[in-house]
>>> print(open('input.tsv').read())   # TSV, C-alpha atoms and all ligand atoms
chain	number	residue	atom	x	y	z
A	1	MET	CA	-6.92	37.57	-4.69
A	2	LEU	CA	-8.68	35.81	-7.54
A	3	ARG	CA	-6.95	38.16	-9.92
A	4	LEU	CA	-3.61	37.36	-8.31
A	5	ALA	CA	-4.23	33.60	-8.41
A	6	GLY	CA	-5.00	33.85	-12.09
A	7	LEU	CA	-1.93	35.94	-12.58
A	8	LEU	CA	0.24	33.38	-10.79
A	9	ALA	CA	-1.11	30.56	-12.94
A	10	GLY	CA	-0.46	32.55	-16.08
A	11	VAL	CA	3.05	33.39	-15.01
A	12	ALA	CA	3.75	29.77	-14.11
A	13	ALA	CA	2.68	28.71	-17.60
A	14	ALA	CA	4.70	31.41	-19.29
A	15	PHE	CA	7.82	30.45	-17.35
A	16	ALA	CA	7.35	26.70	-17.52
A	17	ALA	CA	10.45	26.30	-19.69
A	18	ALA	CA	12.37	29.08	-18.01
A	19	PRO	CA	14.96	28.72	-15.23
A	20	ASP	CA	12.50	29.75	-12.54
A	21	ARG	CA	13.88	27.59	-9.75
A	22	CYS	CA	14.23	29.19	-6.37
A	23	PRO	CA	16.07	28.12	-3.24
A	24	ALA	CA	14.05	26.50	-0.50
A	25	GLY	CA	11.75	29.02	1.16
A	26	TYR	CA	11.62	31.30	-1.87
A	27	THR	CA	8.75	31.63	-4.33
A	28	ALA	CA	9.30	32.41	-8.01
A	29	PHE	CA	7.41	35.32	-9.52
A	30	GLN	CA	8.07	37.15	-12.78
A	31	GLY	CA	11.60	35.82	-13.06
A	32	ARG	CA	12.67	36.49	-9.49
A	33	CYS	CA	12.50	34.65	-6.16
A	34	PHE	CA	10.85	36.14	-3.06
A	35	LYS	CA	10.74	35.18	0.60
A	36	TYR	CA	8.72	36.38	3.57
A	37	ASN	CA	10.63	36.65	6.88
A	38	ALA	CA	8.45	36.60	9.98
A	39	SER	CA	10.98	37.78	12.59
A	40	PRO	CA	10.91	41.59	12.81
A	41	GLN	CA	14.23	43.40	12.37
A	42	ASN	CA	15.29	46.96	11.74
A	43	TRP	CA	15.80	47.81	8.09
A	44	ALA	CA	19.61	47.35	8.03
A	45	ASN	CA	19.48	44.01	9.82
A	46	SER	CA	16.69	42.87	7.52
A	47	GLN	CA	18.85	43.67	4.51
A	48	ALA	CA	21.83	41.93	6.11
A	49	GLN	CA	19.76	38.81	6.67
A	50	CYS	CA	18.61	38.83	3.03
A	51	GLN	CA	22.23	39.16	1.92
A	52	LEU	CA	23.13	36.00	3.79
A	53	GLU	CA	21.04	34.26	1.11
A	54	ASP	CA	22.45	36.25	-1.84
A	55	ALA	CA	19.28	38.29	-1.73
A	56	ASN	CA	18.27	41.91	-1.09
A	57	LEU	CA	15.19	43.44	0.49
A	58	ALA	CA	12.45	43.20	-2.10
A	59	SER	CA	11.62	45.64	-4.88
A	60	PHE	CA	8.74	46.01	-7.31
A	61	ALA	CA	8.79	47.06	-10.95
A	62	ASP	CA	5.07	47.08	-11.74
A	63	GLN	CA	1.61	46.61	-10.26
A	64	ASP	CA	1.81	42.83	-10.58
A	65	ASP	CA	5.02	42.80	-8.53
A	66	PHE	CA	3.42	45.08	-5.95
A	67	ASP	CA	0.30	42.93	-5.66
A	68	PHE	CA	2.40	39.81	-5.30
A	69	LEU	CA	4.54	41.33	-2.53
A	70	TRP	CA	1.47	42.67	-0.73
A	71	ALA	CA	0.00	39.17	-0.70
A	72	LEU	CA	3.26	37.50	0.27
A	73	CYS	CA	3.70	39.68	3.36
A	74	VAL	CA	1.60	38.18	6.13
A	75	GLY	CA	-0.30	41.10	7.71
A	76	ASN	CA	0.72	43.31	4.79
A	77	GLU	CA	3.29	45.27	6.78
A	78	CYS	CA	6.87	44.50	5.73
A	79	TRP	CA	10.12	46.27	4.93
A	80	LEU	CA	10.91	46.66	1.24
A	81	GLY	CA	14.31	47.56	-0.22
A	82	GLY	CA	13.53	51.22	-1.02
A	83	ASN	CA	15.24	54.04	0.89
A	84	ASP	CA	16.44	57.64	0.50
A	85	ILE	CA	19.51	57.24	2.73
A	86	ALA	CA	21.91	58.39	0.00
A	87	SER	CA	19.90	61.42	-1.09
A	88	GLU	CA	16.99	62.75	0.91
A	89	GLY	CA	13.79	62.60	-1.09
A	90	THR	CA	15.15	60.30	-3.83
A	91	PHE	CA	14.09	56.74	-3.07
A	92	ARG	CA	15.99	53.90	-4.69
A	93	PHE	CA	15.89	50.14	-4.22
A	94	VAL	CA	18.90	48.56	-2.56
A	95	GLY	CA	20.72	46.15	-4.86
A	96	SER	CA	19.41	47.30	-8.24
A	97	ASN	CA	19.60	51.03	-7.34
A	98	ALA	CA	16.43	51.46	-9.43
A	99	LEU	CA	14.24	54.43	-8.56
A	100	VAL	CA	11.13	53.57	-6.56
A	101	LEU	CA	8.16	54.10	-8.88
A	102	SER	CA	5.84	56.92	-7.95
A	103	GLY	CA	2.16	56.11	-7.63
A	104	TYR	CA	2.57	53.49	-4.92
A	105	TRP	CA	2.76	55.85	-1.95
A	106	SER	CA	0.02	56.16	0.64
A	107	THR	CA	-1.64	59.56	0.56
A	108	GLY	CA	0.65	62.23	1.98
A	109	GLU	CA	3.76	60.05	1.81
A	110	PRO	CA	6.69	60.20	1.73
A	111	ASP	CA	6.71	62.86	4.40
A	112	ASN	CA	10.09	62.26	6.11
A	113	PHE	CA	8.19	62.64	9.36
A	114	LEU	CA	10.30	64.32	12.09
A	115	GLY	CA	13.07	64.54	9.51
A	116	ASN	CA	14.30	60.96	9.85
A	117	GLN	CA	12.14	58.65	7.76
A	118	ASP	CA	14.33	57.03	5.09
A	119	CYS	CA	13.16	53.42	4.69
A	120	ILE	CA	10.12	52.06	2.85
A	121	TRP	CA	7.60	49.63	4.25
A	122	MET	CA	4.19	48.45	3.21
A	123	TRP	CA	1.68	50.09	5.53
A	124	LEU	CA	-1.65	48.31	5.79
A	125	ALA	CA	-3.07	50.78	8.34
A	126	ALA	CA	-2.49	53.83	6.16
A	127	ALA	CA	-5.72	55.60	5.39
A	128	PRO	CA	-7.37	56.06	3.09
A	129	ASP	CA	-5.14	54.00	0.79
A	130	PRO	CA	-2.78	51.41	2.30
A	131	LYS	CA	0.38	51.41	0.20
A	132	ILE	CA	4.01	52.27	0.91
A	133	ASP	CA	5.34	54.78	3.43
A	134	ASP	CA	8.71	56.12	4.52
A	135	LEU	CA	9.50	55.13	8.10
A	136	GLN	CA	12.35	55.39	10.61
A	137	CYS	CA	14.88	52.72	9.53
A	138	THR	CA	15.37	51.72	13.17
A	139	ALA	CA	11.80	50.43	13.47
A	140	SER	CA	11.31	46.68	13.65
A	141	ARG	CA	9.29	45.09	10.88
A	142	ARG	CA	8.92	41.73	9.23
A	143	PHE	CA	10.48	41.87	5.78
A	144	LEU	CA	10.62	40.48	2.23
A	145	CYS	CA	13.78	39.34	0.44
A	146	GLU	CA	14.27	38.86	-3.28
A	147	ARG	CA	16.96	37.19	-5.37
A	148	PRO	CA	17.32	36.09	-9.00
A	149	THR	CA	15.78	32.85	-10.15
A	150	GLY	CA	18.20	30.17	-11.14
A	151	CYS	CA	18.63	26.73	-12.55
A	152	GLY	CA	18.49	23.67	-10.38
A	153	ALA	CA	21.24	21.51	-8.92
A	154	GLY	CA	23.47	19.99	-11.61
A	155	GLU	CA	22.54	22.72	-14.09
A	156	TYR	CA	23.75	26.16	-15.04
A	157	ARG	CA	21.79	29.12	-16.34
A	158	ALA	CA	22.87	29.37	-19.97
A	159	ASN	CA	20.67	32.43	-20.54
A	160	ALA	CA	17.47	33.92	-19.19
A	161	ASN	CA	15.35	31.10	-20.56
A	162	THR	CA	17.62	28.07	-20.67
A	163	CYS	CA	19.01	25.69	-18.07
A	164	THR	CA	21.81	23.44	-19.31
A	165	ASN	CA	23.37	20.42	-17.64
A	166	CYS	CA	26.82	20.95	-16.17
A	167	PRO	CA	29.29	18.86	-18.22
A	168	ALA	CA	31.11	15.77	-16.94
A	169	GLY	CA	33.97	16.63	-14.60
A	170	LYS	CA	31.94	19.35	-12.88
A	171	TYR	CA	29.17	19.58	-10.29
A	172	GLN	CA	26.64	22.16	-9.15
A	173	PRO	CA	25.11	21.48	-5.71
A	174	SER	CA	22.33	24.03	-5.41
A	175	ILE	CA	21.17	26.76	-7.77
A	176	SER	CA	22.73	28.59	-10.70
A	177	VAL	CA	22.10	32.19	-11.64
A	178	ASN	CA	25.45	33.10	-13.22
A	179	GLY	CA	26.09	30.70	-16.10
A	180	ILE	CA	28.62	27.94	-16.58
A	181	SER	CA	30.93	29.42	-13.96
A	182	ASP	CA	28.46	27.99	-11.45
A	183	CYS	CA	29.55	24.49	-12.51
A	184	ILE	CA	32.44	23.61	-10.19
A	185	ASP	CA	35.36	21.38	-11.17
A	186	CYS	CA	35.42	17.98	-9.49
A	187	ALA	CA	38.28	18.31	-7.00
A	188	ALA	CA	41.84	17.25	-7.77
A	189	GLY	CA	42.14	13.51	-7.11
A	190	ARG	CA	38.51	12.87	-8.06
A	191	TYR	CA	36.66	12.49	-11.36
A	192	GLY	CA	33.12	12.82	-12.68
A	193	THR	CA	31.70	10.83	-15.56
A	194	ALA	CA	28.13	12.13	-15.37
A	195	VAL	CA	26.61	15.35	-16.66
A	196	LYS	CA	24.29	17.19	-14.26
A	197	GLU	CA	26.33	16.11	-11.24
A	198	THR	CA	25.18	17.61	-7.92
A	199	ASN	CA	27.54	15.92	-5.45
A	200	PRO	CA	30.98	17.48	-4.72
A	201	ALA	CA	32.32	13.93	-4.42
A	202	CYS	CA	31.51	13.52	-8.14
A	203	THR	CA	31.74	9.93	-9.41
A	204	GLY	CA	34.73	8.74	-7.44
A	205	ILE	CA	38.42	8.79	-6.67
A	206	CYS	CA	41.37	8.70	-9.06
A	207	ALA	CA	42.96	5.27	-9.64
A	208	GLN	CA	46.33	4.14	-8.27
A	209	GLY	CA	49.19	4.89	-10.68
A	210	TYR	CA	47.25	7.82	-12.16
A	211	TYR	CA	46.53	11.42	-11.26
A	212	CYS	CA	43.36	13.44	-11.83
A	213	PRO	CA	43.64	17.26	-12.04
A	214	PRO	CA	40.55	19.34	-11.14
A	215	GLY	CA	37.73	18.71	-13.62
A	216	SER	CA	38.81	15.19	-14.59
A	217	THR	CA	36.28	12.92	-16.27
A	218	SER	CA	38.01	9.56	-15.79
A	219	PRO	CA	39.74	7.69	-12.92
A	220	THR	CA	42.61	7.08	-15.32
A	221	ALA	CA	42.76	10.63	-16.65
A	222	ASN	CA	46.55	10.88	-16.63
A	223	ASP	CA	49.38	8.36	-16.15
A	224	CYS	CA	51.79	9.10	-13.36
A	225	PRO	CA	54.85	9.98	-15.48
A	226	ALA	CA	57.93	7.83	-15.90
A	227	GLY	CA	60.33	8.45	-13.02
A	228	LYS	CA	57.40	9.03	-10.61
A	229	TYR	CA	55.12	6.58	-8.86
A	230	GLY	CA	51.57	6.70	-7.62
A	231	ALA	CA	51.25	4.64	-4.47
A	232	THR	CA	47.70	5.61	-3.57
A	233	THR	CA	44.37	6.46	-5.13
A	234	GLY	CA	43.20	10.04	-5.21
A	235	LEU	CA	46.33	11.78	-6.51
A	236	GLY	CA	45.76	15.17	-8.10
A	237	THR	CA	49.02	16.32	-9.67
A	238	ALA	CA	51.74	14.99	-11.98
A	239	THR	CA	54.05	14.82	-8.99
A	240	CYS	CA	51.98	11.78	-7.99
A	241	SER	CA	53.50	10.24	-4.83
A	242	GLY	CA	56.96	11.57	-5.77
A	243	ASN	CA	60.15	10.40	-7.45
A	244	VAL	CA	60.97	6.73	-7.70
A	245	GLY	CA	63.77	6.06	-5.21
A	246	PRO	CA	67.56	6.32	-5.69
A	247	GLY	CA	68.82	3.17	-7.41
A	248	TYR	CA	65.49	2.62	-9.18
A	249	TRP	CA	63.75	3.66	-12.36
A	250	SER	CA	60.10	3.56	-13.39
A	251	THR	CA	57.99	3.82	-16.48
A	252	THR	CA	54.52	5.41	-16.47
A	253	ARG	CA	51.86	4.23	-14.00
A	254	ALA	CA	54.36	2.77	-11.51
A	255	THR	CA	52.96	2.26	-8.02
A	256	ARG	CA	56.05	1.61	-5.87
A	257	VAL	CA	58.88	3.86	-4.75
A	258	ASN	CA	61.24	0.87	-5.08
A	259	PRO	CA	59.97	-1.22	-8.01
A	260	THR	CA	61.71	-4.50	-8.71
A	261	SER	CA	59.77	-5.89	-11.66
A	262	VAL	CA	58.98	-4.26	-14.97
A	263	THR	CA	55.99	-6.51	-15.53
A	264	ALA	CA	54.59	-6.36	-12.01
A	265	HIS	CA	55.67	-2.89	-10.85
A	266	ARG	CA	56.44	-1.06	-14.10
A	267	GLY	CA	59.98	-0.36	-12.93
A	268	ASP	CA	63.10	-2.00	-11.61
A	269	ARG	CA	66.51	-1.52	-10.01
A	270	CYS	CA	69.10	0.36	-12.05
A	271	PRO	CA	71.32	-2.19	-13.84
A	272	ALA	CA	74.89	-2.93	-12.74
A	273	GLY	CA	77.33	-0.28	-13.98
A	274	ARG	CA	74.75	2.52	-13.83
A	275	PHE	CA	73.20	4.54	-11.05
A	276	GLY	CA	69.88	6.28	-10.44
A	277	ALA	CA	69.86	9.48	-8.39
A	278	GLY	CA	66.08	9.26	-7.78
A	279	GLY	CA	63.36	9.87	-10.35
A	280	ALA	CA	65.07	7.92	-13.15
A	281	SER	CA	62.65	7.36	-16.03
A	282	SER	CA	64.34	4.52	-17.94
A	283	SER	CA	66.77	1.64	-17.42
A	284	SER	CA	69.55	4.02	-18.49
A	285	CYS	CA	68.94	5.57	-15.08
A	286	SER	CA	70.95	8.72	-14.33
A	287	GLY	CA	74.18	7.66	-16.00
A	288	PRO	CA	77.22	5.36	-15.91
A	289	CYS	CA	79.12	4.62	-12.75
A	290	GLN	CA	82.08	6.92	-12.17
A	291	ALA	CA	85.62	5.67	-13.03
A	292	GLY	CA	87.38	4.45	-9.89
A	293	TYR	CA	84.13	3.14	-8.51
A	294	TYR	CA	81.72	0.36	-9.33
A	295	CYS	CA	77.95	0.32	-9.12
A	296	PRO	CA	76.21	-2.96	-8.33
A	297	ILE	CA	72.59	-3.43	-9.40
A	298	GLY	CA	70.33	-0.90	-7.67
A	299	SER	CA	73.01	1.77	-7.06
A	300	GLY	CA	71.88	5.24	-6.11
A	301	SER	CA	75.18	7.09	-6.63
A	302	ALA	CA	77.85	7.36	-9.35
A	303	SER	CA	80.43	6.68	-6.65
A	304	GLN	CA	78.48	3.89	-5.02
A	305	THR	CA	81.45	1.66	-4.05
A	306	GLN	CA	85.19	2.35	-4.21
A	307	CYS	CA	86.86	0.04	-6.68
A	308	GLY	CA	88.89	-1.75	-3.98
A	309	GLY	CA	92.61	-2.28	-3.46
A	310	PRO	CA	95.53	-1.66	-5.87
A	311	ASP	CA	94.95	-5.07	-7.37
A	312	LYS	CA	91.60	-3.89	-8.76
A	313	TYR	CA	90.67	-1.25	-11.29
A	314	CYS	CA	87.36	0.21	-12.45
A	315	PRO	CA	86.87	2.19	-15.68
A	316	ALA	CA	83.60	4.15	-15.93
A	317	GLY	CA	80.38	2.15	-16.13
A	318	ARG	CA	81.47	-0.88	-14.13
A	319	GLY	CA	79.14	-3.02	-12.09
A	320	SER	CA	82.05	-4.83	-10.41
A	321	PRO	CA	85.85	-4.33	-10.17
A	322	ILE	CA	88.35	-5.91	-12.57
A	323	SER	CA	91.35	-7.75	-11.17
A	324	VAL	CA	94.71	-6.41	-12.35
A	325	SER	CA	96.30	-8.88	-14.80
A	326	SER	CA	99.47	-10.74	-13.96
A	327	GLY	CA	102.45	-8.60	-14.95
A	328	TYR	CA	100.38	-5.41	-14.76
A	329	TYR	CA	99.88	-2.67	-12.22
A	330	SER	CA	96.81	-0.43	-11.56
A	331	THR	CA	96.68	3.18	-12.77
A	332	PRO	CA	96.78	6.06	-12.28
A	333	GLU	CA	99.20	5.67	-9.44
A	334	SER	CA	98.39	9.27	-8.42
A	335	ALA	CA	94.87	8.14	-7.47
A	336	PRO	CA	94.15	6.52	-4.14
A	337	SER	CA	94.93	2.81	-4.35
A	338	THR	CA	91.24	2.10	-3.83
A	339	GLN	CA	90.13	4.18	-6.87
A	340	ARG	CA	92.24	2.97	-9.77
A	341	THR	CA	90.72	3.19	-13.23
A	342	GLY	CA	93.06	1.19	-15.50
A	343	GLN	CA	96.13	-1.07	-15.68
A	344	ALA	CA	99.53	-0.91	-17.40
A	345	LYS	CA	102.20	-3.49	-18.16
A	346	CYS	CA	105.30	-3.68	-16.06
A	347	SER	CA	108.55	-2.99	-17.89
A	348	GLU	CA	111.44	-5.43	-17.81
A	349	GLU	CA	113.08	-3.30	-15.13
A	350	GLU	CA	109.99	-3.63	-12.92
A	351	PHE	CA	108.42	-6.28	-10.80
A	352	CYS	CA	104.57	-6.26	-10.48
A	353	SER	CA	102.75	-7.91	-7.63
A	354	GLY	CA	99.24	-7.27	-6.30
A	355	GLY	CA	98.75	-4.48	-8.82
A	356	VAL	CA	101.81	-2.55	-7.61
A	357	ARG	CA	105.10	-2.14	-9.53
A	358	THR	CA	108.54	-1.95	-7.95
A	359	LYS	CA	112.02	-1.49	-9.51
A	360	ARG	CA	113.92	-4.73	-9.89
A	361	ILE	CA	117.14	-4.72	-7.90
A	362	VAL	CA	119.90	-5.92	-10.23
A	363	PHE	CA	122.89	-7.48	-8.58
A	364	CYS	CA	126.08	-7.18	-10.59
A	365	VAL	CA	128.37	-10.09	-10.07
B	401	CA	CA	13.85	60.59	4.15
B	402	CA	CA	6.22	58.66	6.44
>>> encode(input="input.tsv", output="structure tokens")
Amino acid sequence: MLRLAGLLAGVAAAFAAAPDRCPAGYTAFQGRCFKYNASPQNWANSQAQCQLEDANLASFADQDDFDFLWALCVGNECWLGGNDIASEGTFRFVGSNALVLSGYWSTGEPDNFLGNQDCIWMWLAAAPDPKIDDLQCTASRRFLCERPTGCGAGEYRANANTCTNCPAGKYQPSISVNGISDCIDCAAGRYGTAVKETNPACTGICAQGYYCPPGSTSPTANDCPAGKYGATTGLGTATCSGNVGPGYWSTTRATRVNPTSVTAHRGDRCPAGRFGAGGASSSSCSGPCQAGYYCPIGSGSASQTQCGGPDKYCPAGRGSPISVSSGYYSTPESAPSTQRTGQAKCSEEEFCSGGVRTKRIVFCV
């Protein structure tokens, strides 16, 4: 044990700068993490329980590993990851598939006793030399798990010897063994300003009038685009809260579906003579009002309001109807009397009243 204690101290010093963090319950040794499990299970269930923690039943690669595992196992009788299930007589470690080193067997082992011993355990009672033995896999034993070491929360494992802070806009809540892919984007609608973030909530929530895609580093990462509006905090896409309403337009960072003030709401009603079909991104809105109709301020359709009676006419782009002039009639007469678009002068043979022309009746005396 003194030798092992010295060994542990030496290893700790050698790995002081290395990413030798282990999850809770695991102990780092020679670049891996190990855990003793006190509840006996059969071999397959033991392995399944290790896998729940991204681990496998333990393996050893040299005498130091073996000594460490022997000491870690209370009572010195635990399942290890070696087995010859795939090929009788060829023992490999689960996970790595590495061959089990010879020279660690108890005398006379492996013997495949009764023809069904395929799983390796550490056997304290073996005489004369307690080491490993092949045993029926259905036996219940305490067991040892192992998994890679990793970098701590907020960090990623850049390489075997270096832990690096996750950049702003990402977080890492537990342990990293895989590299920068272990740093997770702050969720859509949130942002992170700090490196080495550990909390999935990151720094906070995206600001009103803006949207924050995954991995954002600012609450004002992106303006809600012109024609859209962002009514709430925490928006994650350029759709924001949706299109500004019919009859309205907006510039960037608008916050209301029906803005009525450029200075206060960054948008307004469509001007008279024009219409907005929804999502208009400037005061030009969607286009001019249709001929035969007029569009008051805030119109949502090109045919918002019929021009009126025959005494009115509306060319395209009108915000209100025009009264037919005295001595004129509304045109075209083929259009409904409520949708006239122009006016024409009555001839001398005609009489115009209320925008309608009639033939004069000439009495010959
Ligand atoms: Ca066997
Ligand atoms: Ca045996």
>>> atom_distance(input="input.tsv", atom1="CA of Ile205 (chain A)", atom2="CA of Pro219 (chain A)")
6.5 Å
>>> residues_near_ligand(input="input.tsv", ligand="ligand CA 401 (chain B)", cutoff="7 Å", atoms="all atoms listed in the file", output="list of chain:residue names")
A:Asp84, A:Ile85, A:Glu88, A:Gly89, A:Asn112, A:Gly115, A:Asn116, A:Gln117, A:Asp118, A:Asp134
>>> closest_atom_pairs(input="input.tsv", of="chain A", to="ligand CA 402 (chain B)", cutoff="10 Å", atoms="all atoms listed in the file", output="tab-separated table")
residue	atom	partner	partner_atom	distance
A:Trp105	CA	B:CA402	CA	9.5
A:Ser106	CA	B:CA402	CA	8.9
A:Thr107	CA	B:CA402	CA	9.9
A:Gly108	CA	B:CA402	CA	8.0
A:Glu109	CA	B:CA402	CA	5.4
A:Pro110	CA	B:CA402	CA	5.0
A:Asp111	CA	B:CA402	CA	4.7
A:Asn112	CA	B:CA402	CA	5.3
A:Phe113	CA	B:CA402	CA	5.3
A:Leu114	CA	B:CA402	CA	9.0
A:Gly115	CA	B:CA402	CA	9.5
A:Asn116	CA	B:CA402	CA	9.1
A:Gln117	CA	B:CA402	CA	6.1
A:Asp118	CA	B:CA402	CA	8.4
A:Cys119	CA	B:CA402	CA	8.9
A:Ile120	CA	B:CA402	CA	8.5
A:Trp121	CA	B:CA402	CA	9.4
A:Trp123	CA	B:CA402	CA	9.7
A:Ala126	CA	B:CA402	CA	10.0
A:Ile132	CA	B:CA402	CA	8.7
A:Asp133	CA	B:CA402	CA	5.0
A:Asp134	CA	B:CA402	CA	4.0
A:Leu135	CA	B:CA402	CA	5.1
A:Gln136	CA	B:CA402	CA	8.1
>>> write_last_selection(input="input.tsv", atoms="C-alpha atoms", output="JSON list (two decimals), in the frame of the given file")
[["chain", "number", "residue", "atom", "x", "y", "z"],
["A", 105, "TRP", "CA", 2.76, 55.85, -1.95],
["A", 106, "SER", "CA", 0.02, 56.16, 0.64],
["A", 107, "THR", "CA", -1.64, 59.56, 0.56],
["A", 108, "GLY", "CA", 0.65, 62.23, 1.98],
["A", 109, "GLU", "CA", 3.76, 60.05, 1.81],
["A", 110, "PRO", "CA", 6.69, 60.20, 1.73],
["A", 111, "ASP", "CA", 6.71, 62.86, 4.40],
["A", 112, "ASN", "CA", 10.09, 62.26, 6.11],
["A", 113, "PHE", "CA", 8.19, 62.64, 9.36],
["A", 114, "LEU", "CA", 10.30, 64.32, 12.09],
["A", 115, "GLY", "CA", 13.07, 64.54, 9.51],
["A", 116, "ASN", "CA", 14.30, 60.96, 9.85],
["A", 117, "GLN", "CA", 12.14, 58.65, 7.76],
["A", 118, "ASP", "CA", 14.33, 57.03, 5.09],
["A", 119, "CYS", "CA", 13.16, 53.42, 4.69],
["A", 120, "ILE", "CA", 10.12, 52.06, 2.85],
["A", 121, "TRP", "CA", 7.60, 49.63, 4.25],
["A", 123, "TRP", "CA", 1.68, 50.09, 5.53],
["A", 126, "ALA", "CA", -2.49, 53.83, 6.16],
["A", 132, "ILE", "CA", 4.01, 52.27, 0.91],
["A", 133, "ASP", "CA", 5.34, 54.78, 3.43],
["A", 134, "ASP", "CA", 8.71, 56.12, 4.52],
["A", 135, "LEU", "CA", 9.50, 55.13, 8.10],
["A", 136, "GLN", "CA", 12.35, 55.39, 10.61]]
>>> residues_around(input="input.tsv", residues="region 167-174 of chain A", least_positions_apart="2", cutoff="6 Å", atoms="only C-alpha atoms", output="MDAnalysis selection string")
chainID A and resid 153:154 183:186 191:195 197:198 215:217
>>> residues_around(input="input.tsv", residues="Ser46 (chain A)", least_positions_apart="5", cutoff="10 Å", atoms="all atoms listed in the file", output="MDAnalysis selection string")
chainID A and resid 37 39:41 51 56:57 79:81 140:145
>>> atom_distance(input="input.tsv", atom1="CA of Ser181 (chain A)", atom2="CA of Ala55 (chain A)")
19.1 Å
>>> build_atoms(input="input.tsv", residues="region 100-113 of chain A", atoms="N, CA and C atoms", output="CSV table (one decimal), keeping the file's coordinate frame")
chain,number,residue,atom,x,y,z
A,100,VAL,N,12.4,54.1,-7.0
A,100,VAL,CA,11.1,53.6,-6.6
A,100,VAL,C,10.1,54.3,-7.4
A,101,LEU,N,9.2,53.5,-8.0
A,101,LEU,CA,8.2,54.1,-8.9
A,101,LEU,C,7.2,55.0,-8.1
A,102,SER,N,6.9,56.1,-8.6
A,102,SER,CA,5.8,56.9,-8.0
A,102,SER,C,4.5,56.3,-8.2
A,103,GLY,N,3.5,56.7,-7.4
A,103,GLY,CA,2.2,56.1,-7.6
A,103,GLY,C,1.8,55.0,-6.7
A,104,TYR,N,2.8,54.6,-5.9
A,104,TYR,CA,2.6,53.5,-4.9
A,104,TYR,C,2.6,54.0,-3.5
A,105,TRP,N,2.7,55.3,-3.3
A,105,TRP,CA,2.8,55.8,-2.0
A,105,TRP,C,1.4,56.0,-1.4
A,106,SER,N,1.2,55.8,-0.1
A,106,SER,CA,0.0,56.2,0.6
A,106,SER,C,-0.1,57.7,0.5
A,107,THR,N,-1.4,58.1,0.7
A,107,THR,CA,-1.6,59.6,0.6
A,107,THR,C,-0.8,60.3,1.6
A,108,GLY,N,-0.1,61.4,1.1
A,108,GLY,CA,0.6,62.2,2.0
A,108,GLY,C,2.1,61.8,2.2
A,109,GLU,N,2.4,60.6,1.7
A,109,GLU,CA,3.8,60.0,1.8
A,109,GLU,C,4.5,60.2,0.5
A,110,PRO,N,5.8,60.2,0.5
A,110,PRO,CA,6.7,60.2,1.7
A,110,PRO,C,6.7,61.6,2.4
A,111,ASP,N,6.7,61.6,3.7
A,111,ASP,CA,6.7,62.9,4.4
A,111,ASP,C,8.0,63.1,5.3
A,112,ASN,N,8.9,62.1,5.3
A,112,ASN,CA,10.1,62.3,6.1
A,112,ASN,C,9.7,62.8,7.5
A,113,PHE,N,8.8,62.2,8.1
A,113,PHE,CA,8.2,62.6,9.4
A,113,PHE,C,9.3,62.8,10.4
